[in-house]
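Enquirer: Okay, handing you the structure first.
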Amino acid sequence: MVVMALMRTVEQLAEGDTAEFAVASASDLELVRRWCEKTGNTLVSTLMVEQDSGHVTVGRGRPRNPASMIPADRMPGARLWLYTNFHCNLACDYCCVASSPKTDPRLLGIDAIQTLVAEAAAWGVRELYLTGGEPFLLPNIDMIVRACADRLPTTLLTNGMLFRGQGLRKLRAMPREGLTLQISVDSPTADVHDSHRGAGSWKRALDGIRVALAEGFIVRVAATISAHDDPALDELHALFDGLGIPRADQVIRPIAHQGVAEEGVAFSSKSLIPEVTVTAEGVYWHPVAALDEDALVSRQILPLAPSLDRVSELFIQQWSSVTAATSMFACA
Amino acid sequence: MSQLIGAPLLVGAVAYTPNVVPIWEGIRDYFDEPASAMDFVLFSNYGRLVDALQAGMIDIAWNTNLAYARAVLQTDGHVRALAMRDTDAAFSTVFVAAAGSGWSGPGDIATRRLALGSADSAHAAILPLHYLRTAGVDVDQMQLRRFDSDIGKHGDTGRSELDAIDAVLAGDADVAAVGITVWENLGRGDLMPGMLEQVWQTETYSHCMFTALDTLPESVYAPWVAKLLAMDWEVPAHRRILELEGLTEWVEPHLEGYTGLFEAIEEQGVDARW
C-alpha cells in the first residue's frame with residue numbers, strides 16, 4: 001500500500017518538497033524506487049531501521065540540475081583553496097582556523113603545491129586561492145604564487161600588513177598578471193577592525209592596500225562583519241571606493257562560527273556548496289571548515305583528483321536531498 | 001477582452017496542486033519574448049475559470065475536457081480550441097478490480113458495485129457511465145458509489161480516484177473507474193502487485209484543451225500557439241515543465257475526441273453551468 005500513500009501525498013507536494021513514508025519490506029522499498037522513476041519524482045534518502053523496514057524520503061519532481069542554479073565559477077571543483085600555512089602575525093578573535101603567531105605553521109610546501117596545482121588544472125579547476133595563516137610569513141611565498149599564477153588565475157589572501165622590507169621584495173617579485181591580492185579590512189574606521197585583529201592593524205592594512213595598488217596589483221578587499229558590530233556598510237563601501245577598489249572587488253561576509261570564533265553563522269559543513277580545500281593535514285569540503293573533522297574529505301592530499309571526484313559526487317547526492325538548505329559561504 | 005495594447009496574453013488555469021505555480025512560472029518564462037509574452041492567473045475551480053474566459057478577464061483558459069465542453073455550451077460554440085497535450089489526445093478510463101476477480105469487459109462490470117470519482121470528473125465519473133451505456137450496460141440499474149472528494153477541480157487532483165481504488169481494496173466496491181494517468185502511475189497495477197487488475201478500458205477521448213473565445217484575434221493567439229507547439233522535450237529547461245505538466249509534446253486540437261463527452265452531458269443531464 002506504500003504506492004497509494006505516495007500517490008496521495010507526493011502529487012500534492014510542491015516541487016522540491018519532501019515527505020517521509022514508512023516501508024515495511026525490501027519489496028516496498030523497491031516499489032518506491034520504481035514508482036519514483038516512473039512518475040518523475042525522487043527517492044531522496046532511505047533509512048532502514050531494521051533490515052527490512054524503515055523510512056524513505058521522497059521529493060516531488062526531479063532534482064534540478066545544480067548547473068542551472070549555481071554560477072559555473074562556483075560549481076564544486078571550480079575553485080581550489082590551498083592553506084599555505086596556518087601561523088599568522090595576527091590572532092584575530094574570529095579566525096575560522098584559529099591562526100596566531102603561536103600556531104603550528106603546518107606548511108603545505110612548494111613541492112606539494114606545484115603538484116596539486118598541476119593536478120587541479122588537469123582536472124578542470126579554474127581558480128586557485130592561497131590562504132593561511134598569513135602567507136607573507138613564508139620566505140618563498142613569491143615562488144609559490146608564481147607557480148600557481150603561471151597555471152591558473154590565483155587569489156592570494158593576506159592581511160596586507162607585511163609589505164615592508166623582505167615582504168615588499170616578495171610582493172614586488174610576484175606576477176601582476178593572473179594574480180589578485182585579497183586584503184582584509186573589517187570596518188570603515190580603525191576601532192572595530194582593531195578590536196578583532198589587534199591595535200594598529202587597520203592602518204597597516206590600508207597602507208598595504210595602497211602599496212599593492214601602487215605596485216600595480218589587482219586588489220580585492222574583504223570585510224568580515226560581526227553581528228555585534230555596526231556594519232556601517234555605506235561608510236565601508238565609501239572607504240573602498242575612495243581607495244579605487246571596484247564594487248565587484250568589495251567582498252562583505254559574516255563571521256563563520258568556526259575556529260576560535262565565539263559567534264557567527266553556524267552551518268553544517270555539508271550544507272555548504274563545496275570549495276575544495278587542501279591543507280597540510282588533508283582535503284576539506286570548504287575553507288571555513290579546514291579544522292572541522294566532519295568536513296574532512298581525505299587525509300591523503302595527493303593525488304588530488306580522487307578527492308575532487310569524491311566532493312563532486314557527494315555534492316550531487318546532497319543536492320538532490322537538501323537543495324533548499326545548501327548555501328554558499330563567500331570567502332572570496 | 002483582457003488584451004490591452006502591449007499587455008501580455010493572459011492565461012487562466014486552476015490551482016489543483018502547489019506545483020501549478022512552478023509549472024506556470026516556467027511556461028511564462030518560456031514565453032518571454034514580445035510576440036508571445038504571457039502572464040497567468042490561477043483560479044480555485046473550473047467554474048470560475050470558464051466564467052472568467054467568457055467575461056474577458058482572461059484570453060485563454062487551460063480547460064479540462066468538461067470545462068472545454070461547458071465553454072462550448074455556454075457560448076453556443078463561440079470558442080476556439082488552440083492546443084492540447086499529447087496525453088490529452090489519447091486519454092481513457094480504466095476499470096479496475098481486485099486481483100484475481102477474473103472479470104473482463106463491460107458485461108462483468110454491469111452487475112458489480114462501481115466506485116466513481118468526483119461527479120465533475122469526466123474521466124472518473126461522467127465518461128465511465130457513458131461508455132458503459134454505449135457498450136450496452138443499463139447503468140441506471142447499477143449500484144454506484146461516488147467519491148466527490150475534489151469537486152470543482154474536475155478530478156485533477158486524482159484524490160477521488162484513489163478513494164475509489166481504496167473502496168475496492170477495502171471490499172466496499174467491486175470495480176473502480178479511474179483515469180489512465182492514475183492507472184499508469186500505479187504501473188498498471190504492477191506497483192501494487194497482487195492487488196489490482198484491469199477489467200476494461202474505454203476507447204480513447206480528448207481531455208484538456210487551451211480554449212479562447214472566437215473573438216481573440218489570430219494575430220494574438222497564433223504566435224503564442226506556435227511558440228507553445230515548439231516546446232521541445234530534448235531541451236532540459238522545457239522538459240522540466242513538460243514533465244511536471246504530464247506530456248511530451250503539445251499538439252493541435254483533437255476535437256473529435258469530445259464527441260463522447262457531449263453525448264454524456266446530454267444523457268446524464270450534466271449542468272452546462274456551474
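We name chains A, B, ... following the order of the C-alpha cells; residues begin at 1 in each chain, and ligands are numbered from 1 as shown.
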Could you pull the residues within 9 Å of Asp249 (chain A), counting only C-alpha atoms, minus those fewer than 6 positions along the same chain, as a list in words?

Expert: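 Listed by chain and then number, they are Gln182, Val219, Arg220, Val221, Ala222 and Ala332 of chain A.
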
Enquirer: Name all residues at most 10 Å from Met231 (chain B) (count only C-alpha atoms; drop same-chain ones fewer than 5 positions away) and give them as a VMD selection string.

Expert: chain B and resid 27 30 226 237 to 239 241 to 242 248 to 250

Enquirer: Give as a PyMOL selection string every residue of chain A that touches chain B within 8 Å, counting only C-alpha atoms.

Expert: chain A and resi 1+3-4+7-8+11-15+31+34-35+38-40+61

Enquirer: Only N, CA, C and O atoms, please: the residues just picked out, written as an mmCIF file, in the first residue's frame.

Expert:
data_model
loop_
_atom_site.group_PDB
_atom_site.id
_atom_site.type_symbol
_atom_site.label_atom_id
_atom_site.label_comp_id
_atom_site.auth_asym_id
_atom_site.auth_seq_id
_atom_site.Cartn_x
_atom_site.Cartn_y
_atom_site.Cartn_z
ATOM 1 N N MET A 1 0.819 -1.217 0.000
ATOM 2 C CA MET A 1 0.000 0.000 0.000
ATOM 3 C C MET A 1 0.850 1.264 0.000
ATOM 4 O O MET A 1 0.332 2.363 -0.006
ATOM 5 N N VAL A 3 2.511 2.523 -2.275
ATOM 6 C CA VAL A 3 2.331 3.294 -3.509
ATOM 7 C C VAL A 3 1.075 4.160 -3.430
ATOM 8 O O VAL A 3 1.063 5.292 -3.931
ATOM 9 N N MET A 4 0.038 3.667 -2.810
ATOM 10 C CA MET A 4 -1.161 4.508 -2.628
ATOM 11 C C MET A 4 -0.823 5.727 -1.764
ATOM 12 O O MET A 4 -1.284 6.846 -2.029
ATOM 13 N N MET A 7 1.026 8.118 -3.913
ATOM 14 C CA MET A 7 0.120 8.784 -4.866
ATOM 15 C C MET A 7 -0.666 9.899 -4.178
ATOM 16 O O MET A 7 -0.868 10.974 -4.736
ATOM 17 N N ARG A 8 -1.117 9.619 -2.993
ATOM 18 C CA ARG A 8 -1.942 10.617 -2.290
ATOM 19 C C ARG A 8 -1.121 11.825 -1.850
ATOM 20 O O ARG A 8 -1.598 12.948 -1.893
ATOM 21 N N GLU A 11 1.907 13.738 -4.935
ATOM 22 C CA GLU A 11 1.283 14.526 -6.011
ATOM 23 C C GLU A 11 0.810 15.882 -5.516
ATOM 24 O O GLU A 11 0.615 16.799 -6.305
ATOM 25 N N GLN A 12 0.605 15.999 -4.210
ATOM 26 C CA GLN A 12 0.132 17.269 -3.661
ATOM 27 C C GLN A 12 1.258 18.128 -3.089
ATOM 28 O O GLN A 12 1.009 19.201 -2.530
ATOM 29 N N LEU A 13 2.499 17.667 -3.238
ATOM 30 C CA LEU A 13 3.632 18.468 -2.761
ATOM 31 C C LEU A 13 4.046 19.467 -3.830
ATOM 32 O O LEU A 13 3.876 19.222 -5.022
ATOM 33 N N ALA A 14 4.615 20.563 -3.371
ATOM 34 C CA ALA A 14 5.228 21.497 -4.312
ATOM 35 C C ALA A 14 6.564 20.916 -4.766
ATOM 36 O O ALA A 14 7.195 20.149 -4.038
ATOM 37 N N GLU A 15 6.969 21.281 -5.953
ATOM 38 C CA GLU A 15 8.220 20.768 -6.492
ATOM 39 C C GLU A 15 9.361 21.036 -5.506
ATOM 40 O O GLU A 15 9.515 22.151 -5.004
ATOM 41 N N LEU A 31 9.434 -0.962 -4.636
ATOM 42 C CA LEU A 31 8.254 -0.340 -5.259
ATOM 43 C C LEU A 31 8.368 1.187 -5.227
ATOM 44 O O LEU A 31 7.989 1.863 -6.179
ATOM 45 N N ARG A 34 10.743 2.234 -7.942
ATOM 46 C CA ARG A 34 10.146 2.118 -9.290
ATOM 47 C C ARG A 34 9.089 3.197 -9.497
ATOM 48 O O ARG A 34 8.963 3.759 -10.583
ATOM 49 N N TRP A 35 8.326 3.473 -8.453
ATOM 50 C CA TRP A 35 7.287 4.499 -8.588
ATOM 51 C C TRP A 35 7.928 5.866 -8.843
ATOM 52 O O TRP A 35 7.460 6.623 -9.696
ATOM 53 N N LYS A 38 9.140 6.056 -12.363
ATOM 54 C CA LYS A 38 8.043 6.104 -13.337
ATOM 55 C C LYS A 38 7.339 7.459 -13.349
ATOM 56 O O LYS A 38 6.905 7.925 -14.393
ATOM 57 N N THR A 39 7.223 8.069 -12.182
ATOM 58 C CA THR A 39 6.402 9.277 -12.080
ATOM 59 C C THR A 39 7.224 10.563 -12.057
ATOM 60 O O THR A 39 6.664 11.644 -11.889
ATOM 61 N N GLY A 40 8.531 10.443 -12.214
ATOM 62 C CA GLY A 40 9.343 11.649 -12.278
ATOM 63 C C GLY A 40 9.579 12.298 -10.930
ATOM 64 O O GLY A 40 9.793 13.505 -10.847
ATOM 65 N N GLY A 61 9.140 15.803 -7.862
ATOM 66 C CA GLY A 61 9.870 16.212 -9.053
ATOM 67 C C GLY A 61 11.289 15.670 -9.060
ATOM 68 O O GLY A 61 11.724 15.006 -8.124
#

Enquirer: Using Å and a single decimal, report how far CA of Ile109 (chain B) sits from CA of Val199 (chain B).

Expert: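 One can read the CA of Val199 (chain B) to CA of Ile109 (chain B) distance as 7.9 Å.
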
Enquirer: Determine, counting only C-alpha atoms, which protein, DNA and RNA residues have an atom within 10 Å of an atom of Ala173 (chain A); residues of the same chain fewer than 2 positions away are not included. Present the result as a list in words.

Expert: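 Surrounding residues, per the criterion: Ile141, Asp142, Met143, Val145, Arg146, Gly167, Leu168, Arg169, Lys170, Leu171, Pro175 and Arg176 of chain A.
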
Enquirer: Can you write just those residues out, all heavy atoms, as a short mmCIF file (atom, residue, chain, number, x, y, z; two decimals), in the first residue's frame?

Expert:
data_model
loop_
_atom_site.label_atom_id
_atom_site.label_comp_id
_atom_site.auth_asym_id
_atom_site.auth_seq_id
_atom_site.Cartn_x
_atom_site.Cartn_y
_atom_site.Cartn_z
N ILE A 141 57.01 32.73 -0.51
CA ILE A 141 55.63 32.93 -0.98
C ILE A 141 55.60 33.45 -2.41
O ILE A 141 54.70 33.14 -3.18
CB ILE A 141 54.84 33.85 -0.01
CG1 ILE A 141 53.36 33.94 -0.43
CG2 ILE A 141 55.45 35.25 0.04
CD1 ILE A 141 52.64 32.63 -0.42
N ASP A 142 56.62 34.25 -2.79
CA ASP A 142 56.64 34.75 -4.16
C ASP A 142 56.78 33.60 -5.16
O ASP A 142 56.14 33.59 -6.21
CB ASP A 142 57.76 35.77 -4.34
CG ASP A 142 59.11 35.27 -3.84
OD1 ASP A 142 59.12 34.35 -2.98
OD2 ASP A 142 60.14 35.77 -4.32
N MET A 143 57.60 32.61 -4.81
CA MET A 143 57.77 31.46 -5.71
C MET A 143 56.50 30.61 -5.75
O MET A 143 56.10 30.10 -6.80
CB MET A 143 58.96 30.62 -5.23
CG MET A 143 60.29 31.35 -5.35
SD MET A 143 61.61 30.51 -4.44
CE MET A 143 61.73 28.99 -5.35
N VAL A 145 53.47 31.71 -5.28
CA VAL A 145 52.46 32.45 -6.05
C VAL A 145 52.74 32.31 -7.55
O VAL A 145 51.83 32.08 -8.35
CB VAL A 145 52.44 33.92 -5.63
CG1 VAL A 145 51.67 34.77 -6.64
CG2 VAL A 145 51.82 34.06 -4.25
N ARG A 146 53.99 32.44 -7.91
CA ARG A 146 54.30 32.34 -9.34
C ARG A 146 53.97 30.95 -9.87
O ARG A 146 53.42 30.81 -10.96
CB ARG A 146 55.78 32.68 -9.59
CG ARG A 146 56.13 32.74 -11.07
CD ARG A 146 57.49 33.39 -11.30
NE ARG A 146 57.51 34.83 -11.04
CZ ARG A 146 57.01 35.75 -11.86
NH1 ARG A 146 56.41 35.40 -12.98
NH2 ARG A 146 57.09 37.03 -11.56
N GLY A 167 59.18 41.55 2.92
CA GLY A 167 57.81 41.33 2.44
C GLY A 167 57.53 42.12 1.18
O GLY A 167 56.86 41.64 0.25
N LEU A 168 58.03 43.35 1.15
CA LEU A 168 57.82 44.18 -0.04
C LEU A 168 58.58 43.60 -1.23
O LEU A 168 58.09 43.59 -2.36
CB LEU A 168 58.25 45.62 0.25
CG LEU A 168 58.03 46.62 -0.88
CD1 LEU A 168 56.57 46.66 -1.31
CD2 LEU A 168 58.50 48.01 -0.47
N ARG A 169 59.79 43.11 -0.94
CA ARG A 169 60.55 42.50 -2.05
C ARG A 169 59.82 41.28 -2.61
O ARG A 169 59.76 41.07 -3.81
CB ARG A 169 61.95 42.12 -1.55
CG ARG A 169 62.90 43.31 -1.42
CD ARG A 169 64.35 42.87 -1.26
NE ARG A 169 64.59 42.21 0.03
CZ ARG A 169 64.80 42.89 1.18
NH1 ARG A 169 64.79 44.20 1.19
NH2 ARG A 169 65.02 42.23 2.29
N LYS A 170 59.23 40.49 -1.72
CA LYS A 170 58.48 39.30 -2.18
C LYS A 170 57.26 39.74 -2.98
O LYS A 170 56.92 39.16 -4.01
CB LYS A 170 58.05 38.45 -0.98
CG LYS A 170 59.20 37.64 -0.40
CD LYS A 170 58.74 36.73 0.73
CE LYS A 170 58.57 37.48 2.03
NZ LYS A 170 58.28 36.64 3.18
N LEU A 171 56.62 40.80 -2.49
CA LEU A 171 55.45 41.30 -3.22
C LEU A 171 55.85 41.74 -4.62
O LEU A 171 55.18 41.39 -5.60
CB LEU A 171 54.83 42.47 -2.45
CG LEU A 171 53.63 43.15 -3.12
CD1 LEU A 171 52.41 42.22 -3.10
CD2 LEU A 171 53.28 44.47 -2.43
N PRO A 175 53.86 38.07 -9.89
CA PRO A 175 53.33 38.49 -11.18
C PRO A 175 52.10 39.39 -11.01
O PRO A 175 51.31 39.21 -10.09
CB PRO A 175 52.94 37.17 -11.85
CG PRO A 175 52.69 36.24 -10.72
CD PRO A 175 53.62 36.65 -9.62
N ARG A 176 51.96 40.36 -11.89
CA ARG A 176 50.75 41.21 -11.87
C ARG A 176 49.62 40.53 -12.65
O ARG A 176 48.45 40.72 -12.34
CB ARG A 176 51.04 42.58 -12.48
CG ARG A 176 51.65 43.64 -11.56
CD ARG A 176 52.79 43.15 -10.74
NE ARG A 176 53.49 44.24 -10.04
CZ ARG A 176 54.62 44.07 -9.40
NH1 ARG A 176 55.19 42.86 -9.32
NH2 ARG A 176 55.20 45.09 -8.79
#
